[in-house]
Amino acid sequence: MTSARKIIIDTDPGQDDALAILLALGSPELDVLGITAVAGNVPLALTEKNARKVCELAGKPETRVFAGAIRPMVRELVTAEHVHGRTGLDGPDLPEPQMPLQEKHAVDFIIESLMAHEEGEITLCPLGPLTNIALALNREPRIASRIREIVLMGGGFFEGGNVTPTAEFNIYVDPHAADVVLRSGVPVVMMPLDVTHKALTTRARIDAIRHLGTRVGEACAELLEFFERFDEEKYGTDGGPLHDPCVIAYLLKPELFKGRICNVTVETGSELTMGMTVVDWWQVTDRPKNALVMRDVDADGFFTLLTERLARL
């Protein structure tokens, strides 16, 4: 049996972040070295607390959670309470966490972990704005060659944006950080809106999770029912897109996804298109290919995997 893949989850929970964390904690193929929180969907004081709430829901209070960047690198923080609710995890009534927040800063943890492990041993899994990852790359450039890959949720091209006409939320919140990551030379796998909008939380899929008959299953169903209301009204679909768990699902079953390697550049200059991920899908420029950009997902296979792993918690 191969050893578990070592990952660090960087996140701004968020209901879909919560499902991604639970998917990882329910999967023995993954060794979650730590969870680093960043400001994004809600401010940092809530995202770090929410990460601990989710670890306790999973029955994994030994998981280490670190607080990171309180704001983006350059711009003012933009949050999304209109989507995620006041707490970021509106839906179920999750108790205040008892497990401690680690004293070390998230950026220090990322750097020290990468420097202490063998080259190519750790995968970074950002589910929110890329501030912590970019700050780590800027502070210690030697980590770039040590990262196995960065598998991130962010961006959009054919689907456009979800917070502006051209920008997806995670990239829009900190486009300068995304630019650092995509220029770093680290192998990047990108889960944009083009793929996550095909992973819809239909009524049948939520019912399957609720029918697990566990505390985790009921809490996840309540999280998803709150989360999907915004996108159902916006897009007129049965269910909303389940973004962040696509990152973890890719690590477990990459065959669920299809995409291609191409160049991705982030707009950081124009207010009109700030945070747009310009994907050279058709290779019409000579810009170097820097990301494996996913466009399709086996949605039934994805939700089967998610439900099966949630059942283990």
# chains A, B, ... in the order shown; residues from 1 in each chain; ligands from 1
>>> residues_around(residues="A:Glu112", least_positions_apart="2", cutoff="12 Å", atoms="only C-alpha atoms", output="JSON, numbers by chain")
{"A": [8, 33, 34, 104, 105, 106, 107, 108, 109, 110, 114, 115, 116, 117, 118, 122, 136, 137, 139, 140, 142, 143, 146]}
>>> closest_atom_pairs(of="stretch 81-113 of chain A", to="stretch 49-63 of chain A", cutoff="8 Å", atoms="only C-alpha atoms", output="CSV")
residue,atom,partner,partner_atom,distance
A:Gly88,CA,A:Asn50,CA,7.6
A:Leu89,CA,A:Asn50,CA,7.0
A:Leu94,CA,A:Lys53,CA,6.8
A:Pro95,CA,A:Lys53,CA,7.1
A:Glu96,CA,A:Lys53,CA,6.7
A:Pro97,CA,A:Lys53,CA,5.1
A:Met99,CA,A:Pro61,CA,5.9
A:Leu101,CA,A:Arg52,CA,7.7
>>> closest_residue(among="A:Leu182, A:Thr285, A:Pro175, A:Ile248", to="A:Val32", atoms="only C-alpha atoms")
A:Ile248
>>> residues_around(residues="stretch 277-282 of chain A", least_positions_apart="5", cutoff="10 Å", atoms="only C-alpha atoms", output="number ranges by chain")
A: 154-158, 160-161, 166-168, 171-172, 175, 178-179, 192, 259-268, 287-289, 291, 293
>>> write_last_selection(atoms="N, CA, C and O atoms", output="short mmCIF file (atom, residue, chain, number, x, y, z; two decimals), in the first residue's frame")
data_model
loop_
_atom_site.label_atom_id
_atom_site.label_comp_id
_atom_site.auth_asym_id
_atom_site.auth_seq_id
_atom_site.Cartn_x
_atom_site.Cartn_y
_atom_site.Cartn_z
N GLY A 154 -10.41 28.09 -8.31
CA GLY A 154 -10.41 29.52 -8.62
C GLY A 154 -10.48 29.75 -10.11
O GLY A 154 -10.13 28.89 -10.91
N GLY A 155 -10.93 30.93 -10.45
CA GLY A 155 -10.94 31.35 -11.84
C GLY A 155 -12.16 30.89 -12.60
O GLY A 155 -13.04 30.21 -12.08
N GLY A 156 -12.19 31.30 -13.83
CA GLY A 156 -13.26 30.95 -14.74
C GLY A 156 -12.93 31.55 -16.09
O GLY A 156 -12.21 32.55 -16.17
N PHE A 157 -13.39 30.95 -17.14
CA PHE A 157 -13.13 31.50 -18.47
C PHE A 157 -14.38 31.43 -19.33
O PHE A 157 -15.03 32.43 -19.59
N PHE A 158 -14.78 30.22 -19.72
CA PHE A 158 -15.98 30.07 -20.52
C PHE A 158 -17.23 30.45 -19.73
O PHE A 158 -18.21 30.93 -20.30
N GLY A 160 -17.28 32.79 -17.44
CA GLY A 160 -17.17 34.16 -16.95
C GLY A 160 -16.90 34.18 -15.47
O GLY A 160 -16.24 33.29 -14.93
N GLY A 161 -17.40 35.19 -14.77
CA GLY A 161 -17.14 35.33 -13.35
C GLY A 161 -18.39 35.13 -12.52
O GLY A 161 -19.50 35.04 -13.05
N THR A 166 -16.40 39.14 -15.12
CA THR A 166 -15.22 38.42 -15.62
C THR A 166 -14.42 37.70 -14.55
O THR A 166 -13.51 36.94 -14.89
N ALA A 167 -14.72 37.90 -13.27
CA ALA A 167 -13.84 37.38 -12.21
C ALA A 167 -14.57 36.45 -11.26
O ALA A 167 -15.68 36.74 -10.81
N GLU A 168 -13.91 35.33 -10.95
CA GLU A 168 -14.35 34.40 -9.91
C GLU A 168 -13.90 34.95 -8.56
O GLU A 168 -12.85 35.56 -8.46
N ILE A 171 -10.14 34.53 -6.93
CA ILE A 171 -9.10 35.26 -7.65
C ILE A 171 -9.33 36.77 -7.51
O ILE A 171 -8.38 37.54 -7.33
N TYR A 172 -10.59 37.18 -7.55
CA TYR A 172 -10.91 38.61 -7.44
C TYR A 172 -10.48 39.18 -6.10
O TYR A 172 -9.99 40.31 -6.02
N PRO A 175 -6.14 39.19 -6.56
CA PRO A 175 -5.58 38.89 -7.88
C PRO A 175 -4.06 38.93 -7.89
O PRO A 175 -3.42 38.19 -8.65
N ALA A 178 -2.80 35.61 -6.76
CA ALA A 178 -2.98 34.62 -7.83
C ALA A 178 -1.91 34.78 -8.90
O ALA A 178 -1.39 33.79 -9.43
N ASP A 179 -1.56 36.02 -9.19
CA ASP A 179 -0.51 36.30 -10.18
C ASP A 179 0.83 35.72 -9.72
O ASP A 179 1.56 35.11 -10.50
N PRO A 192 -11.68 25.74 -12.17
CA PRO A 192 -12.41 27.00 -12.35
C PRO A 192 -13.92 26.78 -12.32
O PRO A 192 -14.40 25.64 -12.23
N GLY A 259 -9.42 18.15 -18.66
CA GLY A 259 -9.00 19.51 -18.96
C GLY A 259 -7.79 19.50 -19.86
O GLY A 259 -7.49 18.48 -20.50
N ARG A 260 -7.10 20.62 -19.92
CA ARG A 260 -5.89 20.68 -20.73
C ARG A 260 -4.89 21.65 -20.12
O ARG A 260 -5.28 22.56 -19.38
N ILE A 261 -3.63 21.45 -20.44
CA ILE A 261 -2.56 22.32 -19.96
C ILE A 261 -2.48 23.53 -20.87
O ILE A 261 -2.39 23.40 -22.10
N CYS A 262 -2.55 24.72 -20.27
CA CYS A 262 -2.48 25.94 -21.07
C CYS A 262 -1.95 27.08 -20.21
O CYS A 262 -1.66 26.91 -19.03
N ASN A 263 -1.81 28.24 -20.82
CA ASN A 263 -1.36 29.41 -20.07
C ASN A 263 -2.55 30.09 -19.41
O ASN A 263 -3.61 30.26 -20.01
N VAL A 264 -2.34 30.48 -18.15
CA VAL A 264 -3.34 31.27 -17.43
C VAL A 264 -2.64 32.52 -16.89
O VAL A 264 -1.61 32.42 -16.22
N THR A 265 -3.20 33.67 -17.21
CA THR A 265 -2.68 34.95 -16.73
C THR A 265 -3.80 35.67 -15.99
O THR A 265 -4.97 35.59 -16.39
N VAL A 266 -3.45 36.37 -14.92
CA VAL A 266 -4.46 37.06 -14.11
C VAL A 266 -4.38 38.56 -14.35
O VAL A 266 -3.29 39.15 -14.33
N GLU A 267 -5.52 39.18 -14.56
CA GLU A 267 -5.59 40.63 -14.74
C GLU A 267 -5.46 41.33 -13.39
O GLU A 267 -6.24 41.09 -12.47
N THR A 268 -4.47 42.20 -13.27
CA THR A 268 -4.26 42.95 -12.03
C THR A 268 -4.27 44.46 -12.25
O THR A 268 -4.07 45.21 -11.29
N ARG A 287 2.59 32.35 -24.92
CA ARG A 287 2.85 32.38 -23.48
C ARG A 287 3.01 30.95 -22.96
O ARG A 287 2.28 30.06 -23.39
N PRO A 288 3.95 30.73 -22.05
CA PRO A 288 4.23 29.37 -21.61
C PRO A 288 3.05 28.76 -20.85
O PRO A 288 2.36 29.44 -20.08
N LYS A 289 2.84 27.47 -21.06
CA LYS A 289 1.77 26.76 -20.35
C LYS A 289 2.15 26.62 -18.88
O LYS A 289 3.25 26.18 -18.56
N ALA A 291 -0.57 25.85 -16.28
CA ALA A 291 -1.63 25.27 -15.45
C ALA A 291 -2.41 24.22 -16.22
O ALA A 291 -2.66 24.36 -17.42
N VAL A 293 -5.87 23.17 -16.61
CA VAL A 293 -7.17 23.80 -16.37
C VAL A 293 -8.27 22.79 -16.66
O VAL A 293 -8.39 22.28 -17.77
#
>>> select_by_dssp(residues="stretch 97-167 of chain A", states="strand (DSSP E)", output="number ranges by chain")
A: 122-126, 147-153
